[in-house]
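Undergrad: The structure under discussion is supplied below as structure tokens; questions concerning it will follow.
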Amino acid sequence: MPSAERASLTYAFDAYCPWCYGFGPALRAFAEDNAHRIRLDVLSAGLYTGARARRVADYPHLPAEHGRIARLTGVVFGAGHERALSQGTAVLDSAAAAAGVSALRDQPGISELDVAEAVQRAWFVDGRSLSDAEVYRDIADELGADADAVTTAYASSGGREKARADFRALRRLRVTSYPTLLLHTADGADHMGGAASTAAALTAALDQRLTTAVRKPSTQ
């Protein structure tokens with residue numbers, strides 16, 4: 001791989017996916033360790049859409065699942081999130097969350113990974129509904145973005161269309177579970193790691209794949 005060329009990766013996540021939240025610290029460390037040689041795009045998935053966009057109380061397995069994720073990854077689910085689970089009234093709507101991610105992601109100079117992390121903190125730490133426009137206003141302020149532009153984009157029909165575009169892109173890539181990290185190569189998209197992967201394991205996988213790509217005989 002030429003020194004000026006960066007490997008292209010896509011991170012498929014859902015803002016309401018607890019396994020994505022658990023994967024976040026490892027992905028952050030991997031991205032920082034390899035910032036000189038990767039370009040990372042973040043796409044939202046539609047985990048809770050259509051008939052699945054329901055109250056959190058309709059998913060009683062979540063507290064036990066969160067306990068397992070915390071044990072495997074070391075992430076902490078905040079007191080605000082625990083209250084939201086106990087109350088059970090928040091609606092898990094991935095389309096709304098993806099529209100918010102898109103509105104933030106489109107702001108100039110904003111890291112897509114910072115956006116994903118901030119949106120997940122709003123739910124998994126603070127327990128705030130990701131259907132609330134004020135969540136995206138506050139994140140915009142936190143990240144130094146134009147809060148008015150973000151909330152306007154979130155409320156627009158274009159915001160929902162961009163969310164659906166993310167969903168379609170991941171279907172084309174045949175992504176059916178989250179989190180998924182893809183390395184794009186001349187042969188297609190290659191899955192890397194899993195929800196409990198460490199940053200070191202992800203870097204080792206990247207090394208192996210890039211070395212293989214360099215050594216692969218040319219077909220020309």
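For the structure tokens, the naming scheme is as follows: chains receive sequential letters (A, B, ...) according to their order of presentation, residues are indexed from 1 within each chain, and ligands are indexed from 1 in presentation order.
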I'd like the neighbourhood of Asp148 in chain A as a PyMOL selection string, where a residue qualifies if any of its atoms comes within 12 Å (using only C-alpha atoms), though same-chain residues fewer than 4 positions away should be ignored.
TA: chain A and resi 103-104+107+133-134+136-141+144+152-155
Undergrad: Export N, CA and C atoms of the chosen residues as a short mmCIF file (atom, residue, chain, number, x, y, z; two decimals), in the first residue's frame?
TA:
```cif
data_model
loop_
_atom_site.label_atom_id
_atom_site.label_comp_id
_atom_site.auth_asym_id
_atom_site.auth_seq_id
_atom_site.Cartn_x
_atom_site.Cartn_y
_atom_site.Cartn_z
N ALA A 103 -27.38 14.31 10.75
CA ALA A 103 -27.36 15.77 10.89
C ALA A 103 -26.05 16.25 11.51
N LEU A 104 -25.53 15.50 12.47
CA LEU A 104 -24.26 15.85 13.10
C LEU A 104 -23.08 15.53 12.19
N GLN A 107 -21.90 18.04 9.49
CA GLN A 107 -21.30 19.31 9.86
C GLN A 107 -19.81 19.31 9.55
N ALA A 133 -34.91 16.21 19.71
CA ALA A 133 -34.02 17.11 18.96
C ALA A 133 -33.02 17.80 19.87
N GLU A 134 -33.37 18.03 21.14
CA GLU A 134 -32.46 18.71 22.05
C GLU A 134 -31.20 17.89 22.32
N TYR A 136 -29.50 16.36 20.05
CA TYR A 136 -28.57 16.69 18.97
C TYR A 136 -28.09 18.12 19.06
N ARG A 137 -28.92 18.99 19.60
CA ARG A 137 -28.47 20.36 19.87
C ARG A 137 -27.33 20.35 20.89
N ASP A 138 -27.52 19.59 21.96
CA ASP A 138 -26.50 19.54 23.00
C ASP A 138 -25.21 18.89 22.49
N ILE A 139 -25.34 17.84 21.67
CA ILE A 139 -24.14 17.21 21.12
C ILE A 139 -23.43 18.15 20.17
N ALA A 140 -24.20 18.89 19.37
CA ALA A 140 -23.59 19.87 18.47
C ALA A 140 -22.78 20.89 19.26
N ASP A 141 -23.34 21.37 20.35
CA ASP A 141 -22.60 22.32 21.20
C ASP A 141 -21.32 21.66 21.74
N GLY A 144 -18.72 21.42 19.00
CA GLY A 144 -18.37 22.66 18.33
C GLY A 144 -19.02 22.85 16.98
N THR A 152 -32.16 21.74 12.65
CA THR A 152 -32.96 21.93 11.43
C THR A 152 -32.84 20.73 10.51
N ALA A 153 -31.62 20.23 10.34
CA ALA A 153 -31.41 19.06 9.50
C ALA A 153 -32.09 17.84 10.09
N TYR A 154 -32.03 17.69 11.40
CA TYR A 154 -32.66 16.54 12.05
C TYR A 154 -34.17 16.54 11.82
N ALA A 155 -34.78 17.70 11.88
CA ALA A 155 -36.24 17.79 11.76
C ALA A 155 -36.72 17.71 10.31
#
```
Undergrad: Which one of A:Thr212, A:Ala95, A:Asp146, A:Arg105 sits closest to Glu117 in chain A if you count only C-alpha atoms?
TA: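 Looking at the shortest contact to Glu117 in chain A, the residue is A:Arg105.
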Undergrad: Rounded to one decimal, what separation in Å do you get between CA of Ala200 in chain A and CA of Asp166 in chain A?
TA: 28.3 Å
Undergrad: Just asking: which residues within range 1-198 of chain A are strand (DSSP E or B) according to DSSP, as a ChimeraX atom specification?
TA: /A:7-13,38-44,55,91,180-185,188-192
Undergrad: Go ahead and write the selection's residues with N, CA, C and O atoms as an mmCIF file, in the first residue's frame.
TA:
```cif
data_model
loop_
_atom_site.group_PDB
_atom_site.id
_atom_site.type_symbol
_atom_site.label_atom_id
_atom_site.label_comp_id
_atom_site.auth_asym_id
_atom_site.auth_seq_id
_atom_site.Cartn_x
_atom_site.Cartn_y
_atom_site.Cartn_z
ATOM 1 N N ALA A 7 -6.186 2.859 4.036
ATOM 2 C CA ALA A 7 -7.182 1.803 3.919
ATOM 3 C C ALA A 7 -8.554 2.378 4.263
ATOM 4 O O ALA A 7 -8.700 3.180 5.195
ATOM 5 N N SER A 8 -9.559 1.976 3.524
ATOM 6 C CA SER A 8 -10.920 2.462 3.718
ATOM 7 C C SER A 8 -11.721 1.447 4.530
ATOM 8 O O SER A 8 -11.813 0.276 4.151
ATOM 9 N N LEU A 9 -12.295 1.915 5.643
ATOM 10 C CA LEU A 9 -13.111 1.054 6.499
ATOM 11 C C LEU A 9 -14.479 1.683 6.719
ATOM 12 O O LEU A 9 -14.622 2.913 6.705
ATOM 13 N N THR A 10 -15.459 0.832 6.936
ATOM 14 C CA THR A 10 -16.803 1.276 7.298
ATOM 15 C C THR A 10 -17.190 0.635 8.616
ATOM 16 O O THR A 10 -17.039 -0.586 8.790
ATOM 17 N N TYR A 11 -17.678 1.462 9.532
ATOM 18 C CA TYR A 11 -18.195 0.974 10.807
ATOM 19 C C TYR A 11 -19.713 1.023 10.741
ATOM 20 O O TYR A 11 -20.304 2.097 10.598
ATOM 21 N N ALA A 12 -20.349 -0.133 10.822
ATOM 22 C CA ALA A 12 -21.808 -0.233 10.823
ATOM 23 C C ALA A 12 -22.268 -0.370 12.268
ATOM 24 O O ALA A 12 -21.906 -1.331 12.960
ATOM 25 N N PHE A 13 -23.054 0.600 12.715
ATOM 26 C CA PHE A 13 -23.510 0.582 14.100
ATOM 27 C C PHE A 13 -24.945 1.073 14.167
ATOM 28 O O PHE A 13 -25.479 1.660 13.226
ATOM 29 N N ILE A 38 -5.649 4.674 8.022
ATOM 30 C CA ILE A 38 -7.025 4.282 7.732
ATOM 31 C C ILE A 38 -7.914 5.508 7.554
ATOM 32 O O ILE A 38 -7.618 6.596 8.058
ATOM 33 N N ARG A 39 -8.984 5.310 6.820
ATOM 34 C CA ARG A 39 -10.079 6.290 6.735
ATOM 35 C C ARG A 39 -11.349 5.555 7.146
ATOM 36 O O ARG A 39 -11.697 4.526 6.560
ATOM 37 N N LEU A 40 -12.015 6.058 8.174
ATOM 38 C CA LEU A 40 -13.148 5.357 8.762
ATOM 39 C C LEU A 40 -14.441 6.121 8.528
ATOM 40 O O LEU A 40 -14.569 7.279 8.931
ATOM 41 N N ASP A 41 -15.386 5.476 7.857
ATOM 42 C CA ASP A 41 -16.724 6.026 7.678
ATOM 43 C C ASP A 41 -17.684 5.304 8.617
ATOM 44 O O ASP A 41 -17.537 4.100 8.870
ATOM 45 N N VAL A 42 -18.679 6.033 9.111
ATOM 46 C CA VAL A 42 -19.655 5.472 10.050
ATOM 47 C C VAL A 42 -21.037 5.518 9.414
ATOM 48 O O VAL A 42 -21.493 6.579 8.980
ATOM 49 N N LEU A 43 -21.699 4.362 9.367
ATOM 50 C CA LEU A 43 -23.048 4.272 8.822
ATOM 51 C C LEU A 43 -23.994 3.727 9.891
ATOM 52 O O LEU A 43 -23.634 2.810 10.638
ATOM 53 N N SER A 44 -25.197 4.288 9.926
ATOM 54 C CA SER A 44 -26.206 3.856 10.890
ATOM 55 C C SER A 44 -27.024 2.695 10.350
ATOM 56 O O SER A 44 -27.351 2.643 9.159
ATOM 57 N N ARG A 55 -41.479 0.539 22.616
ATOM 58 C CA ARG A 55 -41.003 0.964 23.935
ATOM 59 C C ARG A 55 -39.930 0.008 24.446
ATOM 60 O O ARG A 55 -39.963 -1.189 24.179
ATOM 61 N N VAL A 91 -39.086 5.114 23.518
ATOM 62 C CA VAL A 91 -39.257 4.323 22.300
ATOM 63 C C VAL A 91 -37.922 4.211 21.582
ATOM 64 O O VAL A 91 -37.252 5.215 21.320
ATOM 65 N N THR A 180 -20.405 -4.003 13.152
ATOM 66 C CA THR A 180 -19.625 -4.632 12.097
ATOM 67 C C THR A 180 -18.599 -3.629 11.589
ATOM 68 O O THR A 180 -18.952 -2.486 11.308
ATOM 69 N N LEU A 181 -17.360 -4.075 11.502
ATOM 70 C CA LEU A 181 -16.280 -3.263 10.947
ATOM 71 C C LEU A 181 -15.836 -3.920 9.653
ATOM 72 O O LEU A 181 -15.477 -5.098 9.634
ATOM 73 N N LEU A 182 -15.875 -3.152 8.560
ATOM 74 C CA LEU A 182 -15.541 -3.664 7.243
ATOM 75 C C LEU A 182 -14.296 -2.977 6.700
ATOM 76 O O LEU A 182 -14.170 -1.760 6.794
ATOM 77 N N LEU A 183 -13.415 -3.775 6.111
ATOM 78 C CA LEU A 183 -12.279 -3.248 5.368
ATOM 79 C C LEU A 183 -12.592 -3.422 3.883
ATOM 80 O O LEU A 183 -12.878 -4.530 3.428
ATOM 81 N N HIS A 184 -12.546 -2.334 3.128
ATOM 82 C CA HIS A 184 -12.852 -2.385 1.707
ATOM 83 C C HIS A 184 -11.578 -2.693 0.920
ATOM 84 O O HIS A 184 -10.562 -2.005 1.074
ATOM 85 N N THR A 185 -11.658 -3.721 0.120
ATOM 86 C CA THR A 185 -10.516 -4.135 -0.699
ATOM 87 C C THR A 185 -10.965 -4.255 -2.153
ATOM 88 O O THR A 185 -12.155 -4.109 -2.460
ATOM 89 N N GLY A 188 -13.754 -6.678 -2.464
ATOM 90 C CA GLY A 188 -15.021 -6.454 -1.767
ATOM 91 C C GLY A 188 -14.798 -6.022 -0.331
ATOM 92 O O GLY A 188 -13.717 -5.572 0.042
ATOM 93 N N ALA A 189 -15.850 -6.173 0.483
ATOM 94 C CA ALA A 189 -15.801 -5.757 1.881
ATOM 95 C C ALA A 189 -15.484 -6.960 2.761
ATOM 96 O O ALA A 189 -16.153 -7.992 2.690
ATOM 97 N N ASP A 190 -14.462 -6.809 3.593
ATOM 98 C CA ASP A 190 -13.967 -7.891 4.434
ATOM 99 C C ASP A 190 -14.279 -7.572 5.891
ATOM 100 O O ASP A 190 -13.871 -6.523 6.412
ATOM 101 N N HIS A 191 -15.004 -8.465 6.568
ATOM 102 C CA HIS A 191 -15.343 -8.256 7.977
ATOM 103 C C HIS A 191 -14.101 -8.372 8.849
ATOM 104 O O HIS A 191 -13.277 -9.269 8.660
ATOM 105 N N MET A 192 -13.993 -7.476 9.827
ATOM 106 C CA MET A 192 -12.871 -7.496 10.765
ATOM 107 C C MET A 192 -13.386 -7.549 12.193
ATOM 108 O O MET A 192 -14.150 -6.691 12.612
#
```
Undergrad: Need the shell around Thr176 in chain A: protein/DNA/RNA residues with any atom at most 10 Å away, counting only C-alpha atoms. Skip same-chain ones fewer than 3 positions apart. Format as an NGL selection string?
TA: :A and (12 or 45-47 or 170-171 or 173 or 179-180)
Undergrad: Quick one: residues within 10 Å of Thr198 in chain A, only C-alpha atoms counted, chain neighbours fewer than 3 positions away excluded, as a PyMOL selection string?
TA: chain A and resi 23+25-27+29-30+73+193-195+201-204
Undergrad: Counting only C-alpha atoms, which of A:Ala96, A:Leu113, A:Leu206, A:Ala70 gets nearest to Val135 in chain A?
TA: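 Selected residue with least distance to Val135 in chain A: A:Ala96.
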Undergrad: Write out as a PyMOL selection string which residues come within 12 Å of Arg83 in chain A when counting only C-alpha atoms, dropping same-chain ones fewer than 3 positions away.
TA: chain A and resi 56-57+63+77-80+86-90+123-129
Undergrad: Between CA of Pro60 in chain A and CA of Arg174 in chain A, measure the distance and give it in Å to one decimal.
TA: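 Taking CA of Pro60 in chain A as the start and CA of Arg174 in chain A as the end point, the length is 28.3 Å.
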Undergrad: What's around Ala99 in chain A at 6 Å? Count only C-alpha atoms, leave out sequence neighbours fewer than 4 positions away in its own chain, and write the answer as a list in words.
TA: Tyr154, Gly159, Arg160 and Ala163 of chain A
Undergrad: Would you write out those residues with N, CA, C and O atoms, as an mmCIF file, in the first residue's frame?
TA:
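This is the output file out.cif:
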```cif
data_model
loop_
_atom_site.group_PDB
_atom_site.id
_atom_site.type_symbol
_atom_site.label_atom_id
_atom_site.label_comp_id
_atom_site.auth_asym_id
_atom_site.auth_seq_id
_atom_site.Cartn_x
_atom_site.Cartn_y
_atom_site.Cartn_z
ATOM 1 N N TYR A 154 -32.029 17.693 11.397
ATOM 2 C CA TYR A 154 -32.663 16.541 12.053
ATOM 3 C C TYR A 154 -34.172 16.536 11.822
ATOM 4 O O TYR A 154 -34.770 15.475 11.571
ATOM 5 N N GLY A 159 -33.393 14.625 6.514
ATOM 6 C CA GLY A 159 -32.705 13.899 7.571
ATOM 7 C C GLY A 159 -33.127 12.446 7.615
ATOM 8 O O GLY A 159 -32.298 11.536 7.740
ATOM 9 N N ARG A 160 -34.419 12.190 7.492
ATOM 10 C CA ARG A 160 -34.906 10.810 7.475
ATOM 11 C C ARG A 160 -34.471 10.083 6.204
ATOM 12 O O ARG A 160 -34.192 8.878 6.233
ATOM 13 N N ALA A 163 -31.027 8.922 6.650
ATOM 14 C CA ALA A 163 -31.030 7.735 7.510
ATOM 15 C C ALA A 163 -31.350 6.498 6.693
ATOM 16 O O ALA A 163 -30.673 5.463 6.791
#
```
Undergrad: Please provide as a PyMOL selection string all residues within 9 Å of Pro18 in chain A, with the sequence filter that same-chain residues fewer than 2 positions apart are discarded (counting only C-alpha atoms).
TA: chain A and resi 14-16+20-23+62+65-66+69+120+124
Undergrad: Between A:Gly74, A:Asp93, A:Trp19, A:Asn34, which one has atoms that come closest to Arg52 in chain A, using only C-alpha atoms?
TA: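 Using only C-alpha atoms, Arg52 in chain A sits closest to A:Asp93.
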Undergrad: Rank A:Leu92, A:Asp58, A:Leu143, A:Gly24 by their smallest atom-to-atom distance to Gly109 in chain A, using only C-alpha atoms, and report the top residue only.
TA: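 Answer, going by the shortest atom-to-atom distance: A:Leu143.
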Undergrad: So how many Å separate CA of Val76 in chain A and CA of Arg28 in chain A, to one decimal?
TA: 15.8 Å
Undergrad: Which parts of range 26-91 of chain A does DSSP call helix (DSSP H, G or I) when run on the backbone here, written out as a PyMOL selection string?
TA: chain A and resi 26-33+50-52+56-58+62-73+79-87
